[in-house]
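Visitor: Structure incoming, see below.
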Amino acid sequence: MDDKNKNTPEDDDFKPLDHEKIEQKAKARIKTRKEKAKKNRHEYQKKRVIVPTATAIALVLLGIGAAIHSTYYQSTDDAFVEGRLITVAPRVSGPVVNLLVDDNDNVEAGQLLVEIDPTDYEVKLHETEAKLAQAKAELNVTEKEVERGEANVNQTFEDISSTRSKLNFAQKDHKRYTAMYKSGIVSKQDFENSKTKLEVSEAENKAAAERSEAAKHALASNQAKTESMEANIKRLEAEVEQAKLNLKYTKIYAPQSGKVSARSVEKGNYLQVGQPLMQIVPEEVWVVANFKEIQLTNMKEHQPVSIKVDTYPGKRFKGEVQSIQRATGAKSSLFPPENAVGSYVKIVQRVPVKIIFKEDISDYNIVPGMSVVPKVKVK
């Protein structure tokens, strides 16, 4: 083959274009685009129908499920673990000389927690006991004086009786001598003697009466003094008992078993009466769930409850409705709402429901304040 029949690159560059083929390719590409666009439109139209339909069906099914679920169960996330928080506070003041517990320590009822310096209270007790002993000794002396006074009064009664008898005899004798003297039967001397005896008897009777009155006043005074001293002794006895109690109160014991929390006292602190020192949190806890009022239609006591504690998401605890509060939470607050105003807006109220655990939870750290979600089976 000679060189004339060979195609060189330069010859290809100047080869005439096949316009028919180019046009066919362009039409094919346009057709492909149209078919693809048509297919996309068809799929989009299918999605516009299928997706909303599926969504609507899903929502309807979810609504039906929620309605059925709400018929048999009521739940709320407005629920918390509650428990007793027992505040420990001193009943007397003074410096702390001994602190025997720390935060989160387990304590038993009656366990010694804190000791206050007892020196001042011991001195006060001894002083009051000494005053009481002195008052009792003085009362003993006064009681003896009362006994003597009673004897003196009794003696004066006897003296008055004797002098009155003598006075009666002297009066009769003087009357007889007066008549006889007037008749001239007796002498003037005999008459004068009877008169003198009468005057002496009258004086003796008067003196006896005065002694009796003096004895009565002395007895009454001693008796009043005795009553006053007895009242003072009772007061001192009460002070002694109070001093003993104050001395006893220098030792602060745990009022109940539980765990120490919020300890704010340190050794050496000077304590005031009623100052919070710590809290004792017993192991017993329960749940207070604030259900909407519309959720309480079929809720009753003793219904079973499934309790979800946020701390243990994989665990469901068994519980039971113990009681339903007889007032809404708002009504039980410190400042209940006053709805008698023109701008009233109705708000769905919540009612606290107490739920107790029906299984042993001692192996779980469930403490007051934790968030829970209870689900009550109402049917």
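Naming works like this for the structure tokens: A, B, ... for the chains as they're shown, residue 1 at the start of each chain, ligands 1 onward in shown order.
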Can you tell me which residues surround stretch 195-203 of chain A at a distance of at most 6 Å, considering only C-alpha atoms, apart from same-chain residues fewer than 2 positions away, and format the answer as a list of chain:residue names?
Guide: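 Counting only C-alpha atoms, the residues come to A:Leu167, A:Ala170, A:Gln171, A:His174, A:Glu192, A:Asn193, A:Asn205, A:Lys206.
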Visitor: Would you mind listing what lies within 6 Å of stretch 151-166 of chain A as a ChimeraX atom specification, with only C-alpha atoms counted and same-chain residues fewer than 4 positions away left out?
Guide: /A:205,208,212,215
Visitor: Write out as a PyMOL selection string each polymer residue whose atoms come within 12 Å of A:Glu284, counting only C-alpha atoms; drop sequence neighbours fewer than 4 positions from it.
Guide: chain A and resi 81-85+256-259+280+356-362+365-368
Visitor: Using only C-alpha atoms, which of A:Val96, A:Val376, A:Leu113, A:Ile30 sits nearest A:Gln279?
Guide: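 That would be A:Leu113, the residue with the smallest distance to A:Gln279.
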Visitor: Given the choices A:Ile347, A:Leu334, A:Ile233, A:Val288, which gets closest to A:Thr76 if the distance is worked out from only C-alpha atoms?
Guide: A:Val288
Visitor: Excluding A:Ile307 and any residue of its chain fewer than 3 positions from it, enumerate the residues within 10 Å of it, using only C-alpha atoms, and give them as a CSV table (one decimal) with N, CA and C atoms, in the first residue's frame.
Guide:
chain,number,residue,atom,x,y,z
A,75,SER,N,-50.3,8.5,82.9
A,75,SER,CA,-48.9,8.8,83.2
A,75,SER,C,-48.7,10.3,83.3
A,287,VAL,N,-43.5,8.2,96.1
A,287,VAL,CA,-43.6,9.1,94.9
A,287,VAL,C,-44.8,10.0,95.0
A,304,PRO,N,-52.5,-0.6,90.6
A,304,PRO,CA,-51.0,-0.9,90.4
A,304,PRO,C,-50.4,0.2,89.5
A,310,ASP,N,-35.6,8.0,86.6
A,310,ASP,CA,-34.6,8.4,85.6
A,310,ASP,C,-33.2,7.9,85.8
A,315,LYS,N,-35.1,-0.1,84.3
A,315,LYS,CA,-35.8,-0.8,85.4
A,315,LYS,C,-37.1,-0.2,85.6
A,316,ARG,N,-38.1,-1.0,85.8
A,316,ARG,CA,-39.5,-0.6,86.1
A,316,ARG,C,-39.9,-1.1,87.5
A,317,PHE,N,-40.1,-0.2,88.4
A,317,PHE,CA,-40.4,-0.6,89.8
A,317,PHE,C,-41.9,-0.7,89.9
A,318,LYS,N,-42.3,-1.7,90.8
A,318,LYS,CA,-43.7,-1.9,91.1
A,318,LYS,C,-44.2,-1.0,92.2
A,319,GLY,N,-45.3,-0.4,91.9
A,319,GLY,CA,-45.9,0.5,92.9
A,319,GLY,C,-47.4,0.4,93.1
A,320,GLU,N,-48.0,1.3,93.9
A,320,GLU,CA,-49.4,1.2,94.1
A,320,GLU,C,-49.9,2.6,94.6
A,355,ILE,N,-47.9,7.7,95.7
A,355,ILE,CA,-47.6,6.3,95.2
A,355,ILE,C,-46.5,5.7,96.0
A,356,ILE,N,-46.8,4.5,96.5
A,356,ILE,CA,-45.7,3.8,97.3
A,356,ILE,C,-45.1,2.7,96.5
A,357,PHE,N,-43.9,2.3,96.9
A,357,PHE,CA,-43.2,1.2,96.2
A,357,PHE,C,-43.7,-0.1,96.8
A,372,VAL,N,-39.2,11.0,88.4
A,372,VAL,CA,-39.8,9.7,88.0
A,372,VAL,C,-40.9,9.9,87.1
A,373,VAL,N,-41.3,8.8,86.4
A,373,VAL,CA,-42.5,8.8,85.5
A,373,VAL,C,-43.3,7.6,85.9
A,374,PRO,N,-44.4,7.8,86.6
A,374,PRO,CA,-45.3,6.7,87.0
A,374,PRO,C,-46.4,6.5,86.0
A,375,LYS,N,-46.7,5.2,85.8
A,375,LYS,CA,-47.8,4.9,84.9
A,375,LYS,C,-48.8,4.0,85.7
A,376,VAL,N,-50.0,4.6,85.9
A,376,VAL,CA,-51.1,4.0,86.7
A,376,VAL,C,-52.0,3.2,85.8
Visitor: Between A:Val107, A:Thr87, A:Ala79, A:Lys21, which one has atoms that come closest to A:Ala262, using only C-alpha atoms?
Guide: A:Thr87
Visitor: Using only C-alpha atoms, determine which residues lie at most 7 Å from A:Lys251, disregarding the query and same-chain residues fewer than 5 positions distant; provide the list as a PyMOL selection string.
Guide: chain A and resi 112+114-116
Visitor: Show me, as a count of residues only, the residues that have an atom within 9 Å of A:Gln272 when counting only C-alpha atoms, minus same-chain residues fewer than 4 positions from it.
Guide: 6
Visitor: Set the distance at 12 Å and use only C-alpha atoms: which residues neighbour A:Val141 once local chain neighbours fewer than 4 positions away are removed? I'd like the list as a list in words.
Guide: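 Counting only the stated atoms, we get Gln134, Ala135, Lys136, Ala137, Glu145, Val146, Glu147, Arg148, Asn222, Gln223, Lys225, Thr226 and Met229 of chain A.
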Visitor: Write the residues of the selection above to a file with all heavy atoms, as an mmCIF file, in the first residue's frame.
Guide:
data_model
loop_
_atom_site.group_PDB
_atom_site.id
_atom_site.type_symbol
_atom_site.label_atom_id
_atom_site.label_comp_id
_atom_site.auth_asym_id
_atom_site.auth_seq_id
_atom_site.Cartn_x
_atom_site.Cartn_y
_atom_site.Cartn_z
ATOM 1 N N GLN A 134 -31.722 24.191 150.770
ATOM 2 C CA GLN A 134 -31.853 25.272 151.757
ATOM 3 C C GLN A 134 -33.319 25.604 152.001
ATOM 4 O O GLN A 134 -33.753 25.788 153.153
ATOM 5 C CB GLN A 134 -31.109 26.504 151.270
ATOM 6 C CG GLN A 134 -31.162 27.678 152.248
ATOM 7 C CD GLN A 134 -30.430 28.895 151.730
ATOM 8 O OE1 GLN A 134 -29.828 28.849 150.659
ATOM 9 N NE2 GLN A 134 -30.461 29.978 152.489
ATOM 10 N N ALA A 135 -34.107 25.670 150.931
ATOM 11 C CA ALA A 135 -35.523 25.986 151.080
ATOM 12 C C ALA A 135 -36.245 24.902 151.871
ATOM 13 O O ALA A 135 -37.115 25.200 152.703
ATOM 14 C CB ALA A 135 -36.155 26.161 149.704
ATOM 15 N N LYS A 136 -35.880 23.643 151.662
ATOM 16 C CA LYS A 136 -36.516 22.556 152.408
ATOM 17 C C LYS A 136 -36.144 22.625 153.887
ATOM 18 O O LYS A 136 -36.985 22.352 154.765
ATOM 19 C CB LYS A 136 -36.101 21.212 151.819
ATOM 20 C CG LYS A 136 -36.759 20.905 150.488
ATOM 21 C CD LYS A 136 -36.365 19.524 149.973
ATOM 22 C CE LYS A 136 -37.105 19.185 148.690
ATOM 23 N NZ LYS A 136 -36.738 17.836 148.170
ATOM 24 N N ALA A 137 -34.887 23.004 154.194
ATOM 25 C CA ALA A 137 -34.471 23.135 155.588
ATOM 26 C C ALA A 137 -35.241 24.270 156.275
ATOM 27 O O ALA A 137 -35.710 24.127 157.414
ATOM 28 C CB ALA A 137 -32.965 23.393 155.659
ATOM 29 N N GLU A 145 -42.376 25.668 163.793
ATOM 30 C CA GLU A 145 -42.980 26.860 164.390
ATOM 31 C C GLU A 145 -44.499 26.820 164.279
ATOM 32 O O GLU A 145 -45.222 27.230 165.198
ATOM 33 C CB GLU A 145 -42.435 28.120 163.713
ATOM 34 C CG GLU A 145 -40.960 28.384 163.999
ATOM 35 C CD GLU A 145 -40.456 29.622 163.281
ATOM 36 O OE1 GLU A 145 -41.243 30.191 162.494
ATOM 37 O OE2 GLU A 145 -39.290 30.004 163.500
ATOM 38 N N VAL A 146 -44.986 26.308 163.162
ATOM 39 C CA VAL A 146 -46.431 26.155 162.997
ATOM 40 C C VAL A 146 -46.986 25.170 164.008
ATOM 41 O O VAL A 146 -48.053 25.395 164.607
ATOM 42 C CB VAL A 146 -46.758 25.704 161.551
ATOM 43 C CG1 VAL A 146 -48.226 25.299 161.436
ATOM 44 C CG2 VAL A 146 -46.442 26.808 160.565
ATOM 45 N N GLU A 147 -46.255 24.078 164.241
ATOM 46 C CA GLU A 147 -46.701 23.101 165.247
ATOM 47 C C GLU A 147 -46.750 23.730 166.633
ATOM 48 O O GLU A 147 -47.722 23.537 167.388
ATOM 49 C CB GLU A 147 -45.756 21.898 165.247
ATOM 50 C CG GLU A 147 -45.856 21.051 163.982
ATOM 51 C CD GLU A 147 -44.850 19.915 163.992
ATOM 52 O OE1 GLU A 147 -44.072 19.813 164.993
ATOM 53 O OE2 GLU A 147 -44.826 19.123 163.041
ATOM 54 N N ARG A 148 -45.711 24.513 166.969
ATOM 55 C CA ARG A 148 -45.722 25.195 168.261
ATOM 56 C C ARG A 148 -46.850 26.223 168.327
ATOM 57 O O ARG A 148 -47.510 26.398 169.369
ATOM 58 C CB ARG A 148 -44.369 25.867 168.518
ATOM 59 C CG ARG A 148 -43.253 24.893 168.829
ATOM 60 C CD ARG A 148 -42.039 25.616 169.411
ATOM 61 N NE ARG A 148 -41.443 26.525 168.432
ATOM 62 C CZ ARG A 148 -40.454 26.175 167.614
ATOM 63 N NH1 ARG A 148 -39.974 24.925 167.643
ATOM 64 N NH2 ARG A 148 -39.944 27.043 166.777
ATOM 65 N N ASN A 222 -47.211 32.113 160.217
ATOM 66 C CA ASN A 222 -46.333 30.974 159.948
ATOM 67 C C ASN A 222 -46.924 30.046 158.891
ATOM 68 O O ASN A 222 -46.187 29.490 158.065
ATOM 69 C CB ASN A 222 -46.067 30.199 161.236
ATOM 70 C CG ASN A 222 -45.121 30.936 162.168
ATOM 71 O OD1 ASN A 222 -44.257 31.697 161.711
ATOM 72 N ND2 ASN A 222 -45.281 30.753 163.475
ATOM 73 N N GLN A 223 -48.251 29.892 158.928
ATOM 74 C CA GLN A 223 -48.892 29.053 157.918
ATOM 75 C C GLN A 223 -48.752 29.682 156.534
ATOM 76 O O GLN A 223 -48.484 28.972 155.544
ATOM 77 C CB GLN A 223 -50.372 28.854 158.274
ATOM 78 C CG GLN A 223 -50.580 27.906 159.448
ATOM 79 C CD GLN A 223 -52.036 27.811 159.846
ATOM 80 O OE1 GLN A 223 -52.829 28.707 159.565
ATOM 81 N NE2 GLN A 223 -52.406 26.736 160.515
ATOM 82 N N LYS A 225 -46.410 31.700 155.640
ATOM 83 C CA LYS A 225 -44.987 31.561 155.307
ATOM 84 C C LYS A 225 -44.698 30.153 154.815
ATOM 85 O O LYS A 225 -43.921 29.967 153.872
ATOM 86 C CB LYS A 225 -44.152 31.891 156.548
ATOM 87 C CG LYS A 225 -42.660 31.910 156.284
ATOM 88 C CD LYS A 225 -41.907 32.311 157.558
ATOM 89 C CE LYS A 225 -40.407 32.329 157.311
ATOM 90 N NZ LYS A 225 -39.667 32.688 158.549
ATOM 91 N N THR A 226 -45.346 29.188 155.437
ATOM 92 C CA THR A 226 -45.156 27.797 155.015
ATOM 93 C C THR A 226 -45.656 27.577 153.593
ATOM 94 O O THR A 226 -44.999 26.926 152.773
ATOM 95 C CB THR A 226 -45.889 26.855 155.982
ATOM 96 O OG1 THR A 226 -45.361 27.019 157.291
ATOM 97 C CG2 THR A 226 -45.722 25.408 155.551
ATOM 98 N N MET A 229 -43.269 29.117 151.231
ATOM 99 C CA MET A 229 -42.049 28.318 151.111
ATOM 100 C C MET A 229 -42.315 27.032 150.334
ATOM 101 O O MET A 229 -41.464 26.573 149.564
ATOM 102 C CB MET A 229 -41.497 28.013 152.499
ATOM 103 C CG MET A 229 -41.049 29.257 153.263
ATOM 104 S SD MET A 229 -40.361 28.884 154.888
ATOM 105 C CE MET A 229 -38.785 28.199 154.416
#
Visitor: Could you work out how far atom CA of A:Phe291 lies from atom CA of A:Val351, giving the answer in Å with one decimal?
Guide: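 Value for the atom CA of A:Val351-atom CA of A:Phe291 distance: 5.5 Å.
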Visitor: By how many Å are atom CA of A:Tyr249 and atom CA of A:Glu237 apart?
Guide: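 Distance between the two atoms: 18.2 Å.
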Visitor: For atom CA of A:Pro352 and atom CA of A:Glu283, quote the distance in Å rounded to one decimal.
Guide: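 Distance reported for this atom pair: 21.6 Å.
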